[in-house]
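Reading through the structure tokens given below for one structure.
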Amino acid sequence: MSDAIMDQGSSAVAPEKRESLWTKAFHKFTRDKVGMISLSVVGLYLLTAILVWLGVIAQGWDELLADGQMGPTAEYWFGTNINGQDIFQRAIYSTKTAFEVGLTVAVVATITGALVGSTTGYFSGTWIDELFLWLMNCLDCIPYYLMVAAFAVALADNPYAMHIAMMSCFWMGTARLVRGEVIKLKNMEFTEAARSLGVPVYRVIFKHLLPNTSHILLVEMTLLFITAIKSEVILSFLGLGVKDSISWGLMIAEASGEVTAGHFCNFFASSGMLFVLVLAFNMFSDSLQDALDPRKI
């Protein structure tokens, strides 16, 4: 009987298993209807980009399929451009271009910003911190599109000149956010305990500090993804972006001459697909930020 009483007592005082920040954020996000709808739209775009990359759809985007410009038909849903190319296929293929640029720039810029921000935050107040702050302030003084134009001219034969230019600019915002968070975290008990045990600096940064900024990095990556796509469209429109493929920016540049002649299909197809993706991703990013905010969980 005493054993039963002890079992009951031990079960009564057993601590409840606490949910992690990620588990709580997942449950909150799945209950957000706007977030789930926007995620579904983004997923549809991603699936389209994958199918294009695999060669399943929109492989005839550069073929001359018709005799000159045509309006929408059952065969060509958005008609053809002045060269007789299928506008719908070109708009679909541009989804692959957008995701290639967005993912590449967002991942590299986020990783760079995380490394710089965590290092400067840990060594805040030292010459390392001052050096990187000086570098970021100098780069901030240069107008973004002027820097991109300089990269495009300097790397004229490099197909990744636009990517390099964007990655050279976009990491700074992430670095500043991570730096501020690391400055706060490095004075907490778990970090001081690690230092007192003789844990090397690099392990303190990469094992104890950076993982605690992962929610910030995830949100930043989503924001950089959509910023990179919008920047690519603007740069391609100006002739500084995509060269050997097709993108929504190039289609809008083509449409600028067609609209004056009363042909709007090229413009509506490219700008419409861009608008839906940007809107959906912005809504997804807002919902994700709300779900990961510790103050709202």
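In the structure tokens, each chain is lettered A, B, ... as it comes, each chain's residues begin at 1, and ligands are numbered from 1 in order of appearance.
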
| said: Can you pull out every residue from stretch 98-271 of chain A that DSSP, working from the backbone, puts in alpha helix (DSSP H), and format the result as a ChimeraX atom specification? | reply: /A:98-122,127-140,144-154,161-185,189-196,201-203,214-237,248-258,265-271

Contact table stretch 119-160 of chain A vs stretch 200-219 of chain A, cut-off 12 Å, shortest pair per residue, only C-alpha atoms, as a Markdown table:
| residue | atom | partner | partner_atom | distance |
| --- | --- | --- | --- | --- |
| A:Thr119 | CA | A:Ile205 | CA | 7.4 |
| A:Thr120 | CA | A:Ile205 | CA | 10.5 |
| A:Gly121 | CA | A:Ile205 | CA | 9.5 |
| A:Tyr122 | CA | A:Ile205 | CA | 7.4 |
| A:Phe123 | CA | A:Val201 | CA | 10.1 |

| request: Might you pull out every residue within 12 Å of A:Ala261, with only C-alpha atoms counted and same-chain residues fewer than 4 positions away left off, and present them as a list in words? | output: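 Listed by chain and then number, they are Gln69, Ile82, Ala255, Ser256, Gly257 and Cys265 of chain A.
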
Contacts of A:Val278 at 12 Å (only C-alpha atoms; same-chain gap of 2+ positions) as a PDB file with all heavy atoms, in the first residue's frame:
ATOM      1  N   SER A  38      -1.471  31.585 -47.741  1.00  0.00           N
ATOM      2  CA  SER A  38      -0.300  32.162 -48.402  1.00  0.00           C
ATOM      3  C   SER A  38       0.793  31.116 -48.598  1.00  0.00           C
ATOM      4  O   SER A  38       1.464  31.091 -49.637  1.00  0.00           O
ATOM      5  CB  SER A  38       0.241  33.339 -47.587  1.00  0.00           C
ATOM      6  OG  SER A  38       0.603  32.935 -46.276  1.00  0.00           O
ATOM      7  N   LEU A  39       0.960  30.218 -47.628  1.00  0.00           N
ATOM      8  CA  LEU A  39       1.948  29.143 -47.772  1.00  0.00           C
ATOM      9  C   LEU A  39       1.566  28.209 -48.918  1.00  0.00           C
ATOM     10  O   LEU A  39       2.438  27.737 -49.665  1.00  0.00           O
ATOM     11  CB  LEU A  39       2.061  28.357 -46.468  1.00  0.00           C
ATOM     12  CG  LEU A  39       3.027  27.167 -46.475  1.00  0.00           C
ATOM     13  CD1 LEU A  39       4.446  27.626 -46.786  1.00  0.00           C
ATOM     14  CD2 LEU A  39       2.980  26.441 -45.140  1.00  0.00           C
ATOM     15  N   VAL A  41      -0.068  29.063 -51.640  1.00  0.00           N
ATOM     16  CA  VAL A  41       0.225  29.763 -52.891  1.00  0.00           C
ATOM     17  C   VAL A  41       1.720  29.711 -53.189  1.00  0.00           C
ATOM     18  O   VAL A  41       2.136  29.436 -54.323  1.00  0.00           O
ATOM     19  CB  VAL A  41      -0.274  31.223 -52.819  1.00  0.00           C
ATOM     20  CG1 VAL A  41       0.152  31.994 -54.073  1.00  0.00           C
ATOM     21  CG2 VAL A  41      -1.785  31.265 -52.664  1.00  0.00           C
ATOM     22  N   VAL A  42       2.533  29.970 -52.167  1.00  0.00           N
ATOM     23  CA  VAL A  42       3.983  29.906 -52.353  1.00  0.00           C
ATOM     24  C   VAL A  42       4.405  28.485 -52.735  1.00  0.00           C
ATOM     25  O   VAL A  42       5.269  28.291 -53.595  1.00  0.00           O
ATOM     26  CB  VAL A  42       4.710  30.358 -51.070  1.00  0.00           C
ATOM     27  CG1 VAL A  42       6.219  30.112 -51.187  1.00  0.00           C
ATOM     28  CG2 VAL A  42       4.442  31.824 -50.801  1.00  0.00           C
ATOM     29  N   TYR A  45       3.779  27.932 -56.412  1.00  0.00           N
ATOM     30  CA  TYR A  45       4.840  28.548 -57.218  1.00  0.00           C
ATOM     31  C   TYR A  45       6.115  27.698 -57.174  1.00  0.00           C
ATOM     32  O   TYR A  45       6.788  27.513 -58.192  1.00  0.00           O
ATOM     33  CB  TYR A  45       5.143  29.958 -56.701  1.00  0.00           C
ATOM     34  CG  TYR A  45       4.300  31.049 -57.307  1.00  0.00           C
ATOM     35  CD1 TYR A  45       3.037  31.341 -56.818  1.00  0.00           C
ATOM     36  CD2 TYR A  45       4.773  31.799 -58.377  1.00  0.00           C
ATOM     37  CE1 TYR A  45       2.265  32.352 -57.359  1.00  0.00           C
ATOM     38  CE2 TYR A  45       4.009  32.820 -58.941  1.00  0.00           C
ATOM     39  CZ  TYR A  45       2.754  33.086 -58.426  1.00  0.00           C
ATOM     40  OH  TYR A  45       1.993  34.087 -58.981  1.00  0.00           O
ATOM     41  N   THR A  95       9.211  31.737 -63.376  1.00  0.00           N
ATOM     42  CA  THR A  95       9.091  31.330 -61.978  1.00  0.00           C
ATOM     43  C   THR A  95      10.362  30.635 -61.517  1.00  0.00           C
ATOM     44  O   THR A  95      10.833  30.849 -60.394  1.00  0.00           O
ATOM     45  CB  THR A  95       7.882  30.391 -61.805  1.00  0.00           C
ATOM     46  OG1 THR A  95       6.714  31.013 -62.333  1.00  0.00           O
ATOM     47  CG2 THR A  95       7.659  30.060 -60.331  1.00  0.00           C
ATOM     48  N   ALA A  98      13.005  33.242 -60.892  1.00  0.00           N
ATOM     49  CA  ALA A  98      12.758  33.971 -59.647  1.00  0.00           C
ATOM     50  C   ALA A  98      13.203  33.166 -58.432  1.00  0.00           C
ATOM     51  O   ALA A  98      13.849  33.693 -57.513  1.00  0.00           O
ATOM     52  CB  ALA A  98      11.272  34.318 -59.539  1.00  0.00           C
ATOM     53  N   PHE A  99      12.876  31.875 -58.401  1.00  0.00           N
ATOM     54  CA  PHE A  99      13.244  31.050 -57.251  1.00  0.00           C
ATOM     55  C   PHE A  99      14.750  30.793 -57.203  1.00  0.00           C
ATOM     56  O   PHE A  99      15.325  30.702 -56.116  1.00  0.00           O
ATOM     57  CB  PHE A  99      12.469  29.735 -57.272  1.00  0.00           C
ATOM     58  CG  PHE A  99      11.153  29.814 -56.556  1.00  0.00           C
ATOM     59  CD1 PHE A  99      10.031  30.308 -57.197  1.00  0.00           C
ATOM     60  CD2 PHE A  99      11.036  29.412 -55.242  1.00  0.00           C
ATOM     61  CE1 PHE A  99       8.814  30.398 -56.537  1.00  0.00           C
ATOM     62  CE2 PHE A  99       9.833  29.491 -54.570  1.00  0.00           C
ATOM     63  CZ  PHE A  99       8.719  29.983 -55.219  1.00  0.00           C
ATOM     64  N   GLY A 102      16.088  34.125 -55.853  1.00  0.00           N
ATOM     65  CA  GLY A 102      15.637  34.354 -54.482  1.00  0.00           C
ATOM     66  C   GLY A 102      16.285  33.425 -53.480  1.00  0.00           C
ATOM     67  O   GLY A 102      16.787  33.862 -52.432  1.00  0.00           O
ATOM     68  N   THR A 222      13.122  34.721 -45.286  1.00  0.00           N
ATOM     69  CA  THR A 222      11.907  34.903 -46.088  1.00  0.00           C
ATOM     70  C   THR A 222      11.822  36.321 -46.648  1.00  0.00           C
ATOM     71  O   THR A 222      11.412  36.523 -47.798  1.00  0.00           O
ATOM     72  CB  THR A 222      10.658  34.598 -45.255  1.00  0.00           C
ATOM     73  OG1 THR A 222      10.584  35.489 -44.136  1.00  0.00           O
ATOM     74  CG2 THR A 222      10.677  33.165 -44.743  1.00  0.00           C
ATOM     75  N   LEU A 223      12.220  37.301 -45.841  1.00  0.00           N
ATOM     76  CA  LEU A 223      12.188  38.687 -46.306  1.00  0.00           C
ATOM     77  C   LEU A 223      13.229  38.921 -47.400  1.00  0.00           C
ATOM     78  O   LEU A 223      12.956  39.609 -48.390  1.00  0.00           O
ATOM     79  CB  LEU A 223      12.429  39.638 -45.133  1.00  0.00           C
ATOM     80  CG  LEU A 223      11.355  39.650 -44.038  1.00  0.00           C
ATOM     81  CD1 LEU A 223      11.778  40.536 -42.871  1.00  0.00           C
ATOM     82  CD2 LEU A 223      10.015  40.130 -44.598  1.00  0.00           C
ATOM     83  N   LEU A 224      14.420  38.343 -47.232  1.00  0.00           N
ATOM     84  CA  LEU A 224      15.456  38.501 -48.246  1.00  0.00           C
ATOM     85  C   LEU A 224      15.078  37.799 -49.542  1.00  0.00           C
ATOM     86  O   LEU A 224      15.432  38.263 -50.635  1.00  0.00           O
ATOM     87  CB  LEU A 224      16.786  37.946 -47.721  1.00  0.00           C
ATOM     88  CG  LEU A 224      17.491  38.772 -46.646  1.00  0.00           C
ATOM     89  CD1 LEU A 224      18.738  38.052 -46.162  1.00  0.00           C
ATOM     90  CD2 LEU A 224      17.848  40.153 -47.170  1.00  0.00           C
ATOM     91  N   PHE A 225      14.363  36.693 -49.437  1.00  0.00           N
ATOM     92  CA  PHE A 225      13.937  35.961 -50.628  1.00  0.00           C
ATOM     93  C   PHE A 225      13.075  36.844 -51.521  1.00  0.00           C
ATOM     94  O   PHE A 225      13.328  36.962 -52.730  1.00  0.00           O
ATOM     95  CB  PHE A 225      13.154  34.714 -50.202  1.00  0.00           C
ATOM     96  CG  PHE A 225      12.572  33.936 -51.346  1.00  0.00           C
ATOM     97  CD1 PHE A 225      13.329  33.010 -52.038  1.00  0.00           C
ATOM     98  CD2 PHE A 225      11.252  34.127 -51.731  1.00  0.00           C
ATOM     99  CE1 PHE A 225      12.788  32.299 -53.096  1.00  0.00           C
ATOM    100  CE2 PHE A 225      10.706  33.425 -52.784  1.00  0.00           C
ATOM    101  CZ  PHE A 225      11.473  32.504 -53.459  1.00  0.00           C
ATOM    102  N   ILE A 226      12.081  37.475 -50.945  1.00  0.00           N
ATOM    103  CA  ILE A 226      11.178  38.290 -51.753  1.00  0.00           C
ATOM    104  C   ILE A 226      11.855  39.583 -52.190  1.00  0.00           C
ATOM    105  O   ILE A 226      11.600  40.097 -53.286  1.00  0.00           O
ATOM    106  CB  ILE A 226       9.854  38.561 -50.988  1.00  0.00           C
ATOM    107  CG1 ILE A 226       8.738  38.862 -51.975  1.00  0.00           C
ATOM    108  CG2 ILE A 226      10.017  39.657 -49.963  1.00  0.00           C
ATOM    109  CD1 ILE A 226       8.386  37.721 -52.887  1.00  0.00           C
ATOM    110  N   THR A 227      12.756  40.124 -51.363  1.00  0.00           N
ATOM    111  CA  THR A 227      13.509  41.325 -51.755  1.00  0.00           C
ATOM    112  C   THR A 227      14.404  41.030 -52.950  1.00  0.00           C
ATOM    113  O   THR A 227      14.535  41.854 -53.862  1.00  0.00           O
ATOM    114  CB  THR A 227      14.356  41.831 -50.572  1.00  0.00           C
ATOM    115  OG1 THR A 227      13.503  42.109 -49.463  1.00  0.00           O
ATOM    116  CG2 THR A 227      15.114  43.095 -50.954  1.00  0.00           C
ATOM    117  N   ALA A 228      15.020  39.854 -52.953  1.00  0.00           N
ATOM    118  CA  ALA A 228      15.882  39.476 -54.071  1.00  0.00           C
ATOM    119  C   ALA A 228      15.081  39.331 -55.358  1.00  0.00           C
ATOM    120  O   ALA A 228      15.546  39.741 -56.436  1.00  0.00           O
ATOM    121  CB  ALA A 228      16.607  38.174 -53.742  1.00  0.00           C
ATOM    122  N   ILE A 229      13.897  38.757 -55.273  1.00  0.00           N
ATOM    123  CA  ILE A 229      13.064  38.587 -56.468  1.00  0.00           C
ATOM    124  C   ILE A 229      12.656  39.950 -57.031  1.00  0.00           C
ATOM    125  O   ILE A 229      12.732  40.196 -58.247  1.00  0.00           O
ATOM    126  CB  ILE A 229      11.830  37.731 -56.142  1.00  0.00           C
ATOM    127  CG1 ILE A 229      12.245  36.276 -55.899  1.00  0.00           C
ATOM    128  CG2 ILE A 229      10.812  37.788 -57.279  1.00  0.00           C
ATOM    129  CD1 ILE A 229      11.110  35.364 -55.521  1.00  0.00           C
ATOM    130  N   LYS A 230      12.229  40.856 -56.158  1.00  0.00           N
ATOM    131  CA  LYS A 230      11.840  42.190 -56.628  1.00  0.00           C
ATOM    132  C   LYS A 230      13.029  42.935 -57.206  1.00  0.00           C
ATOM    133  O   LYS A 230      12.887  43.636 -58.227  1.00  0.00           O
ATOM    134  CB  LYS A 230      11.225  42.976 -55.464  1.00  0.00           C
ATOM    135  CG  LYS A 230       9.876  42.449 -55.014  1.00  0.00           C
ATOM    136  CD  LYS A 230       9.193  43.378 -54.026  1.00  0.00           C
ATOM    137  CE  LYS A 230       9.931  43.434 -52.709  1.00  0.00           C
ATOM    138  NZ  LYS A 230       9.198  44.257 -51.707  1.00  0.00           N
ATOM    139  N   SER A 231      14.189  42.781 -56.592  1.00  0.00           N
ATOM    140  CA  SER A 231      15.383  43.447 -57.113  1.00  0.00           C
ATOM    141  C   SER A 231      15.768  42.883 -58.474  1.00  0.00           C
ATOM    142  O   SER A 231      16.180  43.630 -59.375  1.00  0.00           O
ATOM    143  CB  SER A 231      16.545  43.275 -56.131  1.00  0.00           C
ATOM    144  OG  SER A 231      16.254  43.892 -54.898  1.00  0.00           O
ATOM    145  N   VAL A 233      13.773  41.647 -60.720  1.00  0.00           N
ATOM    146  CA  VAL A 233      12.829  42.167 -61.720  1.00  0.00           C
ATOM    147  C   VAL A 233      13.224  43.583 -62.128  1.00  0.00           C
ATOM    148  O   VAL A 233      13.244  43.920 -63.325  1.00  0.00           O
ATOM    149  CB  VAL A 233      11.394  42.130 -61.153  1.00  0.00           C
ATOM    150  CG1 VAL A 233      10.447  42.901 -62.067  1.00  0.00           C
ATOM    151  CG2 VAL A 233      10.916  40.694 -61.001  1.00  0.00           C
ATOM    152  N   SER A 271       3.551  40.783 -64.710  1.00  0.00           N
ATOM    153  CA  SER A 271       3.311  41.558 -63.488  1.00  0.00           C
ATOM    154  C   SER A 271       2.282  40.872 -62.594  1.00  0.00           C
ATOM    155  O   SER A 271       2.357  40.960 -61.356  1.00  0.00           O
ATOM    156  CB  SER A 271       2.836  42.969 -63.840  1.00  0.00           C
ATOM    157  OG  SER A 271       1.625  42.928 -64.587  1.00  0.00           O
ATOM    158  N   GLY A 272       1.309  40.158 -63.188  1.00  0.00           N
ATOM    159  CA  GLY A 272       0.314  39.448 -62.386  1.00  0.00           C
ATOM    160  C   GLY A 272       0.931  38.321 -61.577  1.00  0.00           C
ATOM    161  O   GLY A 272       0.657  38.162 -60.380  1.00  0.00           O
ATOM    162  N   MET A 273       1.792  37.515 -62.202  1.00  0.00           N
ATOM    163  CA  MET A 273       2.440  36.424 -61.483  1.00  0.00           C
ATOM    164  C   MET A 273       3.390  36.959 -60.417  1.00  0.00           C
ATOM    165  O   MET A 273       3.512  36.399 -59.322  1.00  0.00           O
ATOM    166  CB  MET A 273       3.188  35.511 -62.458  1.00  0.00           C
ATOM    167  CG  MET A 273       2.277  34.731 -63.381  1.00  0.00           C
ATOM    168  SD  MET A 273       3.110  33.355 -64.214  1.00  0.00           S
ATOM    169  CE  MET A 273       3.430  32.254 -62.831  1.00  0.00           C
ATOM    170  N   LEU A 274       4.091  38.053 -60.722  1.00  0.00           N
ATOM    171  CA  LEU A 274       4.966  38.675 -59.731  1.00  0.00           C
ATOM    172  C   LEU A 274       4.159  39.203 -58.548  1.00  0.00           C
ATOM    173  O   LEU A 274       4.532  38.993 -57.385  1.00  0.00           O
ATOM    174  CB  LEU A 274       5.756  39.811 -60.389  1.00  0.00           C
ATOM    175  CG  LEU A 274       6.583  40.688 -59.450  1.00  0.00           C
ATOM    176  CD1 LEU A 274       7.697  39.880 -58.792  1.00  0.00           C
ATOM    177  CD2 LEU A 274       7.157  41.887 -60.210  1.00  0.00           C
ATOM    178  N   PHE A 275       3.053  39.866 -58.829  1.00  0.00           N
ATOM    179  CA  PHE A 275       2.231  40.450 -57.761  1.00  0.00           C
ATOM    180  C   PHE A 275       1.695  39.379 -56.815  1.00  0.00           C
ATOM    181  O   PHE A 275       1.758  39.529 -55.585  1.00  0.00           O
ATOM    182  CB  PHE A 275       1.059  41.224 -58.386  1.00  0.00           C
ATOM    183  CG  PHE A 275       0.068  41.726 -57.377  1.00  0.00           C
ATOM    184  CD1 PHE A 275       0.328  42.853 -56.615  1.00  0.00           C
ATOM    185  CD2 PHE A 275      -1.143  41.065 -57.192  1.00  0.00           C
ATOM    186  CE1 PHE A 275      -0.584  43.308 -55.681  1.00  0.00           C
ATOM    187  CE2 PHE A 275      -2.065  41.515 -56.256  1.00  0.00           C
ATOM    188  CZ  PHE A 275      -1.787  42.638 -55.500  1.00  0.00           C
ATOM    189  N   VAL A 276       1.192  38.286 -57.369  1.00  0.00           N
ATOM    190  CA  VAL A 276       0.625  37.225 -56.525  1.00  0.00           C
ATOM    191  C   VAL A 276       1.704  36.593 -55.644  1.00  0.00           C
ATOM    192  O   VAL A 276       1.499  36.354 -54.447  1.00  0.00           O
ATOM    193  CB  VAL A 276      -0.060  36.155 -57.401  1.00  0.00           C
ATOM    194  CG1 VAL A 276      -0.501  34.969 -56.550  1.00  0.00           C
ATOM    195  CG2 VAL A 276      -1.268  36.752 -58.119  1.00  0.00           C
ATOM    196  N   ALA A 280       1.687  36.903 -51.610  1.00  0.00           N
ATOM    197  CA  ALA A 280       1.589  35.669 -50.822  1.00  0.00           C
ATOM    198  C   ALA A 280       2.793  35.507 -49.894  1.00  0.00           C
ATOM    199  O   ALA A 280       2.648  35.130 -48.728  1.00  0.00           O
ATOM    200  CB  ALA A 280       1.460  34.462 -51.747  1.00  0.00           C
ATOM    201  N   PHE A 281       3.981  35.808 -50.399  1.00  0.00           N
ATOM    202  CA  PHE A 281       5.171  35.623 -49.574  1.00  0.00           C
ATOM    203  C   PHE A 281       5.235  36.654 -48.458  1.00  0.00           C
ATOM    204  O   PHE A 281       5.698  36.358 -47.345  1.00  0.00           O
ATOM    205  CB  PHE A 281       6.433  35.702 -50.432  1.00  0.00           C
ATOM    206  CG  PHE A 281       7.451  34.677 -50.046  1.00  0.00           C
ATOM    207  CD1 PHE A 281       7.595  33.519 -50.787  1.00  0.00           C
ATOM    208  CD2 PHE A 281       8.254  34.842 -48.936  1.00  0.00           C
ATOM    209  CE1 PHE A 281       8.525  32.553 -50.433  1.00  0.00           C
ATOM    210  CE2 PHE A 281       9.187  33.897 -48.566  1.00  0.00           C
ATOM    211  CZ  PHE A 281       9.321  32.746 -49.316  1.00  0.00           C
ATOM    212  N   ASN A 282       4.785  37.871 -48.711  1.00  0.00           N
ATOM    213  CA  ASN A 282       4.743  38.872 -47.650  1.00  0.00           C
ATOM    214  C   ASN A 282       3.772  38.465 -46.549  1.00  0.00           C
ATOM    215  O   ASN A 282       4.069  38.614 -45.352  1.00  0.00           O
ATOM    216  CB  ASN A 282       4.350  40.239 -48.216  1.00  0.00           C
ATOM    217  CG  ASN A 282       5.512  40.949 -48.875  1.00  0.00           C
ATOM    218  OD1 ASN A 282       6.669  40.699 -48.538  1.00  0.00           O
ATOM    219  ND2 ASN A 282       5.215  41.820 -49.809  1.00  0.00           N
ATOM    220  N   MET A 283       2.609  37.947 -46.934  1.00  0.00           N
ATOM    221  CA  MET A 283       1.632  37.484 -45.941  1.00  0.00           C
ATOM    222  C   MET A 283       2.164  36.277 -45.170  1.00  0.00           C
ATOM    223  O   MET A 283       1.981  36.166 -43.953  1.00  0.00           O
ATOM    224  CB  MET A 283       0.317  37.140 -46.648  1.00  0.00           C
ATOM    225  CG  MET A 283      -0.386  38.349 -47.250  1.00  0.00           C
ATOM    226  SD  MET A 283      -1.739  37.901 -48.367  1.00  0.00           S
ATOM    227  CE  MET A 283      -2.864  37.119 -47.230  1.00  0.00           C
ATOM    228  N   PHE A 284       2.841  35.372 -45.884  1.00  0.00           N
ATOM    229  CA  PHE A 284       3.459  34.218 -45.224  1.00  0.00           C
ATOM    230  C   PHE A 284       4.531  34.662 -44.234  1.00  0.00           C
ATOM    231  O   PHE A 284       4.618  34.152 -43.112  1.00  0.00           O
ATOM    232  CB  PHE A 284       4.057  33.295 -46.282  1.00  0.00           C
ATOM    233  CG  PHE A 284       5.018  32.278 -45.736  1.00  0.00           C
ATOM    234  CD1 PHE A 284       4.580  31.252 -44.918  1.00  0.00           C
ATOM    235  CD2 PHE A 284       6.375  32.354 -46.034  1.00  0.00           C
ATOM    236  CE1 PHE A 284       5.473  30.307 -44.409  1.00  0.00           C
ATOM    237  CE2 PHE A 284       7.263  31.418 -45.531  1.00  0.00           C
ATOM    238  CZ  PHE A 284       6.816  30.406 -44.715  1.00  0.00           C
ATOM    239  N   SER A 285       5.347  35.637 -44.628  1.00  0.00           N
ATOM    240  CA  SER A 285       6.404  36.129 -43.753  1.00  0.00           C
ATOM    241  C   SER A 285       5.829  36.797 -42.505  1.00  0.00           C
ATOM    242  O   SER A 285       6.344  36.616 -41.391  1.00  0.00           O
ATOM    243  CB  SER A 285       7.290  37.119 -44.511  1.00  0.00           C
ATOM    244  OG  SER A 285       8.334  37.595 -43.701  1.00  0.00           O
TER     245      SER A 285
END

| task | Using only C-alpha atoms, find the one residue out of A:Leu277, A:Ala194, A:Val199, A:Leu240 that sits nearest to A:Pro159. | result |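 Selected residue with least distance to A:Pro159: A:Leu240.
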
| said: With distances taken over only C-alpha atoms, which residue among A:Gly239, A:Lys24, A:Gly113, A:Trp61 lies nearest A:Val153? | reply: A:Gly239

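If only C-alpha atoms are the atoms counted, then among A:Ile164, A:Leu44, A:Ala106, A:Ile57 the closest residue to A:Glu220 is A:Ala106.
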
| Which residue of A:Thr30, A:Val116, A:Ala25, A:Val259 approaches A:Val178 most closely, using only C-alpha atoms |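 Closest residue, counting only C-alpha atoms: A:Val116.
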
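Of the listed residues (A:Cys169, A:Gln89, A:Asp157, A:Val107), A:Cys169 comes nearest to A:Ile142; the distances count only C-alpha atoms.
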
| Point-to-point distance in Å for atom CA of A:Tyr93 and atom CA of A:Ala74 |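 Computed distance, atom CA of A:Ala74 to atom CA of A:Tyr93, equals 19.4 Å.
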